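Chemist: My file is coords-v6.cif. It has mmCIF, C-alpha atoms and all ligand atoms:
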```
data_structure
loop_
_atom_site.label_atom_id
_atom_site.label_comp_id
_atom_site.auth_asym_id
_atom_site.auth_seq_id
_atom_site.Cartn_x
_atom_site.Cartn_y
_atom_site.Cartn_z
CA MET A 9 16.12 6.84 -0.39
CA ALA A 10 18.75 5.66 -2.87
CA PHE A 11 18.85 1.90 -3.25
CA PHE A 12 21.83 -0.15 -4.34
CA THR A 13 21.49 -1.84 -7.70
CA SER A 14 24.16 -3.68 -9.64
CA ALA A 15 24.46 -0.56 -11.78
CA THR A 16 25.31 1.59 -8.77
CA GLU A 17 28.93 2.72 -8.61
CA SER A 18 29.40 3.05 -4.85
CA ILE A 19 29.78 0.06 -2.54
CA PRO A 20 26.90 -0.18 -0.04
CA VAL A 21 27.74 -0.23 3.65
CA ASN A 22 27.99 -3.85 4.77
CA THR A 23 25.78 -3.70 7.82
CA ALA A 24 25.89 -6.56 10.31
CA VAL A 25 22.21 -7.24 9.76
CA PRO A 26 21.04 -7.55 6.16
CA GLN A 27 18.58 -4.94 5.02
CA HIS A 28 16.73 -7.37 2.76
CA ILE A 29 16.40 -11.16 3.19
CA ALA A 30 14.84 -13.36 0.49
CA VAL A 31 13.82 -16.94 1.32
CA ILE A 32 12.88 -20.10 -0.57
CA MET A 33 10.91 -22.08 2.00
CA ASP A 34 11.55 -25.68 0.95
CA GLY A 35 10.99 -28.96 2.75
CA ASN A 36 7.39 -28.82 4.01
CA GLY A 37 6.48 -32.09 2.28
CA ARG A 38 9.51 -33.95 3.62
CA TRP A 39 8.91 -32.59 7.12
CA ALA A 40 5.42 -34.11 7.01
CA LYS A 41 6.55 -37.39 5.43
CA LYS A 42 9.13 -37.93 8.18
CA ARG A 43 6.23 -37.80 10.65
CA PHE A 44 3.89 -39.99 8.55
CA LEU A 45 1.63 -36.98 8.06
CA PRO A 46 0.03 -35.75 4.81
CA ARG A 47 2.08 -33.15 2.89
CA VAL A 48 -0.45 -30.44 3.71
CA ALA A 49 0.39 -30.82 7.42
CA GLY A 50 3.89 -29.65 6.46
CA HIS A 51 2.48 -26.56 4.74
CA LYS A 52 0.42 -25.77 7.85
CA ARG A 53 3.52 -25.95 10.03
CA GLY A 54 5.33 -23.96 7.33
CA MET A 55 2.86 -21.14 7.88
CA ASP A 56 3.76 -21.13 11.62
CA ALA A 57 7.44 -20.86 10.66
CA VAL A 58 6.58 -17.88 8.42
CA LEU A 59 4.92 -16.06 11.30
CA GLU A 60 7.87 -16.74 13.61
CA LEU A 61 10.34 -15.46 11.01
CA VAL A 62 8.31 -12.29 10.46
CA LYS A 63 8.33 -11.63 14.21
CA THR A 64 12.10 -12.15 14.42
CA CYS A 65 12.74 -9.87 11.44
CA VAL A 66 10.68 -7.12 13.07
CA SER A 67 12.65 -7.46 16.29
CA LEU A 68 15.95 -7.32 14.36
CA ASN A 69 14.82 -4.22 12.47
CA ILE A 70 15.22 -5.87 9.08
CA GLY A 71 13.68 -3.66 6.39
CA TYR A 72 12.54 -6.20 3.79
CA LEU A 73 11.62 -9.87 3.93
CA THR A 74 10.64 -11.61 0.70
CA LEU A 75 9.20 -15.14 0.78
CA PHE A 76 8.72 -17.50 -2.16
CA ALA A 77 5.32 -19.00 -1.32
CA PHE A 78 4.25 -20.38 -4.70
CA SER A 79 6.22 -20.53 -7.93
CA SER A 80 4.83 -20.42 -11.46
CA GLU A 81 5.82 -24.10 -11.63
CA ASN A 82 3.94 -25.12 -8.45
CA TRP A 83 0.67 -25.36 -10.45
CA ARG A 84 2.03 -28.72 -11.61
CA ARG A 85 1.43 -30.20 -8.13
CA PRO A 86 -1.60 -32.44 -7.44
CA ALA A 87 -4.81 -30.39 -7.65
CA ASP A 88 -5.78 -31.02 -4.02
CA GLU A 89 -2.39 -29.76 -2.76
CA VAL A 90 -2.69 -26.60 -4.92
CA SER A 91 -6.18 -25.90 -3.63
CA PHE A 92 -5.03 -26.52 -0.02
CA LEU A 93 -2.21 -24.00 -0.51
CA MET A 94 -4.64 -21.44 -1.97
CA SER A 95 -7.00 -21.75 0.98
CA LEU A 96 -4.03 -21.62 3.38
CA PHE A 97 -3.05 -18.28 1.77
CA ILE A 98 -6.61 -16.92 1.99
CA GLN A 99 -7.14 -18.06 5.60
CA GLY A 100 -3.63 -16.92 6.57
CA LEU A 101 -4.19 -13.45 5.14
CA LYS A 102 -7.63 -13.15 6.73
CA ARG A 103 -6.34 -14.24 10.12
CA GLU A 104 -3.04 -12.35 10.21
CA VAL A 105 -3.53 -9.10 8.31
CA LYS A 106 -4.76 -7.17 11.33
CA LYS A 107 -1.75 -8.26 13.36
CA LEU A 108 0.59 -7.34 10.49
CA HIS A 109 -1.00 -3.91 10.34
CA GLU A 110 -0.75 -3.39 14.12
CA ASN A 111 2.95 -4.17 13.84
CA ASN A 112 3.45 -1.52 11.12
CA ILE A 113 4.21 -4.20 8.48
CA LYS A 114 3.57 -3.44 4.82
CA LEU A 115 2.38 -6.45 2.84
CA ILE A 116 2.93 -6.69 -0.92
CA LEU A 117 2.26 -9.61 -3.23
CA ILE A 118 4.60 -10.03 -6.18
CA GLY A 119 3.76 -12.34 -9.06
CA ASP A 120 1.11 -12.84 -11.69
CA ARG A 121 -2.08 -12.75 -9.64
CA THR A 122 -4.43 -13.11 -12.63
CA ARG A 123 -4.53 -16.90 -12.21
CA PHE A 124 -5.76 -16.77 -8.60
CA ASN A 125 -9.43 -17.13 -7.71
CA ALA A 126 -11.52 -14.03 -7.08
CA GLU A 127 -11.62 -14.54 -3.29
CA LEU A 128 -7.82 -14.68 -3.03
CA ILE A 129 -7.36 -11.66 -5.31
CA ALA A 130 -9.85 -9.67 -3.22
CA GLN A 131 -8.13 -10.68 0.04
CA ILE A 132 -4.71 -9.73 -1.35
CA GLU A 133 -5.99 -6.32 -2.50
CA LEU A 134 -7.63 -5.69 0.86
CA SER A 135 -4.47 -6.63 2.77
CA GLU A 136 -2.22 -4.51 0.56
CA LYS A 137 -4.54 -1.53 0.87
CA LEU A 138 -4.80 -1.78 4.65
CA THR A 139 -1.03 -1.92 5.14
CA ALA A 140 0.05 0.35 2.26
CA HIS A 141 1.20 3.25 4.45
CA ASN A 142 3.04 1.23 7.06
CA THR A 143 6.70 2.06 7.52
CA GLY A 144 8.15 -0.96 9.35
CA LEU A 145 9.06 -4.29 7.74
CA THR A 146 8.04 -4.67 4.09
CA LEU A 147 6.88 -8.27 3.72
CA SER A 148 6.73 -9.35 0.09
CA ILE A 149 5.07 -12.65 -0.74
CA ALA A 150 6.04 -14.09 -4.11
CA ALA A 151 3.10 -16.10 -5.40
CA ASN A 152 2.74 -17.38 -8.95
CA TYR A 153 6.09 -15.67 -9.36
CA GLY A 154 8.99 -16.60 -11.63
CA GLY A 155 12.20 -14.64 -12.18
CA ARG A 156 12.00 -15.00 -15.96
CA TRP A 157 8.37 -13.87 -15.92
CA ASP A 158 9.45 -10.82 -13.91
CA ILE A 159 12.22 -9.82 -16.32
CA LEU A 160 9.97 -10.33 -19.34
CA GLN A 161 7.05 -8.37 -17.93
CA ALA A 162 9.49 -5.55 -17.04
CA VAL A 163 10.91 -5.51 -20.59
CA ASN A 164 7.40 -5.40 -22.03
CA LYS A 165 6.37 -2.56 -19.70
CA LEU A 166 9.54 -0.64 -20.50
CA HIS A 167 8.93 -1.08 -24.20
CA MET A 168 5.37 0.24 -23.84
CA ALA A 169 6.52 3.17 -21.69
CA SER A 170 9.63 4.17 -23.68
CA PRO A 171 9.55 2.74 -27.22
CA GLU A 172 11.91 5.50 -28.35
CA LEU A 173 14.71 3.95 -26.23
CA ALA A 174 14.42 0.48 -27.84
CA GLY A 175 17.86 -0.83 -28.71
CA ALA A 176 19.52 1.35 -26.05
CA TYR A 177 17.88 0.14 -22.82
CA GLN A 178 20.07 0.42 -19.71
CA GLU A 179 19.71 -1.37 -16.35
CA GLU A 180 18.28 1.75 -14.74
CA HIS A 181 15.56 1.89 -17.39
CA LEU A 182 14.43 -1.66 -16.59
CA THR A 183 14.63 -1.81 -12.79
CA PRO A 184 11.64 0.52 -12.11
CA HIS A 185 9.45 -2.01 -13.97
CA LEU A 186 10.55 -5.10 -12.01
CA ALA A 187 8.09 -6.52 -9.51
CA MET A 188 10.29 -5.47 -6.56
CA HIS A 189 11.10 -1.97 -7.83
CA TYR A 190 10.31 -0.62 -4.34
CA ALA A 191 13.01 -2.61 -2.53
CA PRO A 192 16.80 -2.75 -2.44
CA GLU A 193 18.24 -5.95 -3.90
CA PRO A 194 18.41 -8.78 -1.32
CA ASP A 195 21.60 -8.87 0.76
CA LEU A 196 20.98 -12.43 1.91
CA PHE A 197 19.18 -15.31 0.17
CA ILE A 198 18.25 -18.34 2.26
CA ARG A 199 17.03 -21.66 0.90
CA THR A 200 15.99 -24.39 3.31
CA GLY A 201 15.42 -28.06 2.53
CA GLY A 202 18.86 -29.09 1.27
CA GLU A 203 18.69 -28.11 -2.42
CA SER A 204 21.29 -25.67 -3.76
CA ARG A 205 19.29 -23.93 -6.49
CA ILE A 206 17.68 -20.55 -7.06
CA SER A 207 14.70 -22.16 -8.85
CA ASN A 208 13.67 -19.15 -10.94
CA PHE A 209 13.29 -16.88 -7.89
CA LEU A 210 14.51 -13.25 -8.10
CA LEU A 211 16.90 -13.84 -11.01
CA TRP A 212 17.71 -10.20 -11.72
CA GLN A 213 17.81 -9.07 -8.12
CA LEU A 214 20.06 -11.87 -6.77
CA ALA A 215 23.06 -10.92 -8.93
CA TYR A 216 25.22 -9.84 -5.96
CA THR A 217 23.28 -11.43 -3.10
CA GLU A 218 25.02 -13.69 -0.57
CA LEU A 219 23.57 -17.21 -0.92
CA TYR A 220 22.96 -19.45 2.07
CA PHE A 221 21.72 -23.03 1.76
CA THR A 222 20.73 -25.17 4.73
CA ASP A 223 19.47 -28.75 5.13
CA THR A 224 16.97 -27.59 7.77
CA LEU A 225 13.43 -28.25 6.54
CA TRP A 226 11.26 -25.12 6.38
CA PRO A 227 8.89 -25.96 9.30
CA ASP A 228 12.00 -26.37 11.51
CA PHE A 229 13.50 -23.03 10.48
CA ASP A 230 13.31 -21.18 13.79
CA GLU A 231 15.03 -18.16 15.33
CA GLU A 232 18.18 -20.15 16.03
CA ALA A 233 18.34 -21.28 12.38
CA LEU A 234 18.00 -17.66 11.26
CA HIS A 235 20.84 -16.65 13.55
CA LEU A 236 23.08 -19.32 11.95
CA ALA A 237 22.29 -17.80 8.54
CA LEU A 238 23.01 -14.29 9.82
CA THR A 239 26.32 -15.41 11.34
CA SER A 240 27.33 -16.91 7.99
CA TYR A 241 26.32 -13.66 6.23
CA GLN A 242 28.37 -11.55 8.63
CA LYS A 243 31.50 -13.53 7.74
CA ARG A 244 31.17 -12.84 4.01
CA GLU A 245 33.23 -10.20 2.24
CA ARG A 246 30.93 -8.48 -0.25
CA ARG A 247 33.15 -7.25 -3.07
CA PHE A 248 30.64 -6.41 -5.84
CA GLY A 249 33.28 -7.21 -8.47
CA ARG A 250 36.13 -5.34 -6.74
CA THR A 251 39.26 -6.84 -5.13
CA GLY A 252 39.48 -7.40 -1.37
CA GLU A 253 42.16 -4.68 -1.15
CA GLN A 254 39.87 -2.12 -2.78
CA LEU A 255 37.38 -2.62 0.03
CA SER A 256 39.78 -1.62 2.82
CA PRO A 257 38.79 1.78 4.24
CA ALA A 258 42.02 3.42 2.96
CA ASN A 259 40.95 2.73 -0.62
CA THR A 260 37.26 3.61 -0.59
C1 LIG A 301 7.94 -25.92 -0.41
O1 LIG A 301 7.97 -27.15 0.29
C2 LIG A 301 6.84 -25.08 0.05
C3 LIG A 301 5.83 -24.57 -0.71
C4 LIG A 301 5.70 -24.78 -2.16
C5 LIG A 301 4.75 -23.75 -0.11
C6 LIG A 301 5.20 -22.73 0.89
C7 LIG A 301 4.06 -22.26 1.66
C8 LIG A 301 4.07 -22.02 2.99
C9 LIG A 301 5.27 -22.12 3.84
C10 LIG A 301 2.78 -21.62 3.61
C11 LIG A 301 2.57 -20.21 3.95
C12 LIG A 301 3.20 -19.16 3.18
C13 LIG A 301 2.75 -17.86 3.03
C14 LIG A 301 3.72 -16.79 3.10
C15 LIG A 301 1.36 -17.45 2.75
P1 LIG A 301 7.71 -28.47 -0.54
O2 LIG A 301 6.26 -28.77 -0.52
O3 LIG A 301 8.32 -28.34 -1.89
O4 LIG A 301 8.51 -29.52 0.32
P2 LIG A 301 9.26 -30.83 -0.21
O5 LIG A 301 10.38 -30.35 -1.10
O6 LIG A 301 9.76 -31.45 1.05
O7 LIG A 301 8.25 -31.66 -0.93
#
```
Before we go any further, please render this structure as structure tokens.
Modeler:
Amino acid sequence: MAFFTSATESIPVNTAVPQHIAVIMDGNGRWAKKRFLPRVAGHKRGMDAVLELVKTCVSLNIGYLTLFAFSSENWRRPADEVSFLMSLFIQGLKREVKKLHENNIKLILIGDRTRFNAELIAQIELSEKLTAHNTGLTLSIAANYGGRWDILQAVNKLHMASPELAGAYQEEHLTPHLAMHYAPEPDLFIRTGGESRISNFLLWQLAYTELYFTDTLWPDFDEEALHLALTSYQKRERRFGRTGEQLSPANT
């Protein structure tokens, strides 16, 4: 299967439903605060919203869903919140992996997993192995991920693999070494929680992605909220650097 990359010459078909959606799930803490609950209650409800979104993506036949669960910068949070998030990930994986597998979902973790505890690493490896041959939705969880980290680790891998090309590297040399080498670039990026930033998410891969920002807090992001994002996406004209006229069927 040939995937579109920014180096690709042809314009991809603009399907009504995006093939790949990437999400920054922001606003769990504020959702909890509004209800006089501890921040971790927001993360718990955030996990429910994740499961609902996965279900909806499966029913819409979306190929790839990528969720930013924990950034390289999130280690700066209070220690008890970090350890709650880690156990939420472990428990969530343990509880849901069978269901993911039954629904033909392939689970992949992207990010630097070396900093996670042994139990989480083992659970991630187990979940990836169990679902490795599934052919439905590919669910990528970005954890201890940063876009700059991704580009740098890809450059380092490329340099190790092809030192003879140093000084003449092309995009197509680098992309196989990026964390999401197995996926097309996201068509639609969604960030909840009211901030309009990319926050070091998929910096390379978002070059031509349609960006959608909403004030909805992550735990409230339900099927209806996704449909609003999809409606906005469907109204966009994706030009990939060309003029609007060049995109009309007579000129392609
Ligand atoms: C951002 O909200 C959310 C996070 C840093 C954690 C996201 C984690 C989940 C939704 C739990 C489950 C996820 C998976 C896929 C295992 P925030 O805490 O920054 O909210 P705030 O901006 O309102 O403080």
Chemist: Contacts of region 103-116 of chain A at 6 Å or less, counting only C-alpha atoms, minus same-chain residues fewer than 2 places along, as a PyMOL selection string?
Modeler: chain A and resi 99-101+136+139-140+142+144-148
Chemist: How about saving the chosen residues, C-alpha atoms kept, as an mmCIF file, in the coordinates of the input?
Modeler:
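For reference, part_4.cif as written:
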```cif
data_model
loop_
_atom_site.group_PDB
_atom_site.id
_atom_site.type_symbol
_atom_site.label_atom_id
_atom_site.label_comp_id
_atom_site.auth_asym_id
_atom_site.auth_seq_id
_atom_site.Cartn_x
_atom_site.Cartn_y
_atom_site.Cartn_z
ATOM 1 C CA GLN A 99 -7.140 -18.060 5.600
ATOM 2 C CA GLY A 100 -3.630 -16.920 6.570
ATOM 3 C CA LEU A 101 -4.190 -13.450 5.140
ATOM 4 C CA GLU A 136 -2.220 -4.510 0.560
ATOM 5 C CA THR A 139 -1.030 -1.920 5.140
ATOM 6 C CA ALA A 140 0.050 0.350 2.260
ATOM 7 C CA ASN A 142 3.040 1.230 7.060
ATOM 8 C CA GLY A 144 8.150 -0.960 9.350
ATOM 9 C CA LEU A 145 9.060 -4.290 7.740
ATOM 10 C CA THR A 146 8.040 -4.670 4.090
ATOM 11 C CA LEU A 147 6.880 -8.270 3.720
ATOM 12 C CA SER A 148 6.730 -9.350 0.090
#
```
Chemist: What residues of the protein or nucleic acid chains come within 6 Å of ligand LIG 301 (chain A) when you use only C-alpha atoms and all ligand atoms? Reply as a ChimeraX atom specification.
Modeler: /A:33-38,51,54-55,77-78,97,149
Chemist: Between CA of Ile29 (chain A) and CA of Glu133 (chain A), what is the distance in Å, rounded to a tenth?
Modeler: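 Spanning CA of Ile29 (chain A) to CA of Glu133 (chain A) is a straight-line distance of 23.6 Å.
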Chemist: Leaving out region 163-166 of chain A and any residue of its chain fewer than 5 positions from it, which residues lie within 9 Å of it when counting all atoms listed in the file, given as number ranges by chain?
Modeler: A: 158, 171, 173-174, 177, 181-182, 184-186
Chemist: For region 81-98 of chain A, what centre and edge lengths in Å (one decimal) does the axis-aligned box get once 3 Å is added on each side of all its listed atoms, as AutoDock Vina command-line options?
Modeler:
```
--center_x -0.6 --center_y -24.7 --center_z -4.1 --size_x 18.8 --size_y 21.5 --size_z 21.0
```
Chemist: Record the distance separating CA of Val66 (chain A) and CA of Ala191 (chain A), expressed in Å with one decimal.
Modeler: 16.4 Å
Chemist: Quick one, how far is CA of Ala150 (chain A) from CA of Phe209 (chain A)?
Modeler: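 Atom-to-atom, CA of Ala150 (chain A) and CA of Phe209 (chain A) are spaced 8.6 Å apart.
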Chemist: Choose the residue, out of A:Asp230, A:Thr239, A:Ala215, A:Lys137, that has the smallest atom-to-atom separation from Lys63 (chain A); count all atoms listed in the file.
Modeler: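 Checking each of A:Asp230, A:Thr239, A:Ala215, A:Lys137 against Lys63 (chain A), counting all atoms listed in the file, the winner is A:Asp230.
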Chemist: What residues have an atom no more than 7 Å from (23.4, -15.3, 6.1) in the file's own frame, counting all atoms listed in the file, and can you write them as a list in words?
Modeler: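 Selection result: Leu196, Tyr220, Ala237, Leu238, Thr239, Ser240, Tyr241 and Gln242 of chain A.
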Chemist: Tell me which of A:Val48, A:Ala162, A:Leu128, A:Ala169 sits closest to Ser95 (chain A), counting only C-alpha atoms.
Modeler: A:Leu128
Chemist: Considering all atoms listed in the file, can you say which of A:Lys42, A:Thr251, A:Ile118, A:Glu231 comes closest to Ser67 (chain A)?
Modeler: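 With all atoms listed in the file as the atom set, the closest residue is A:Glu231.
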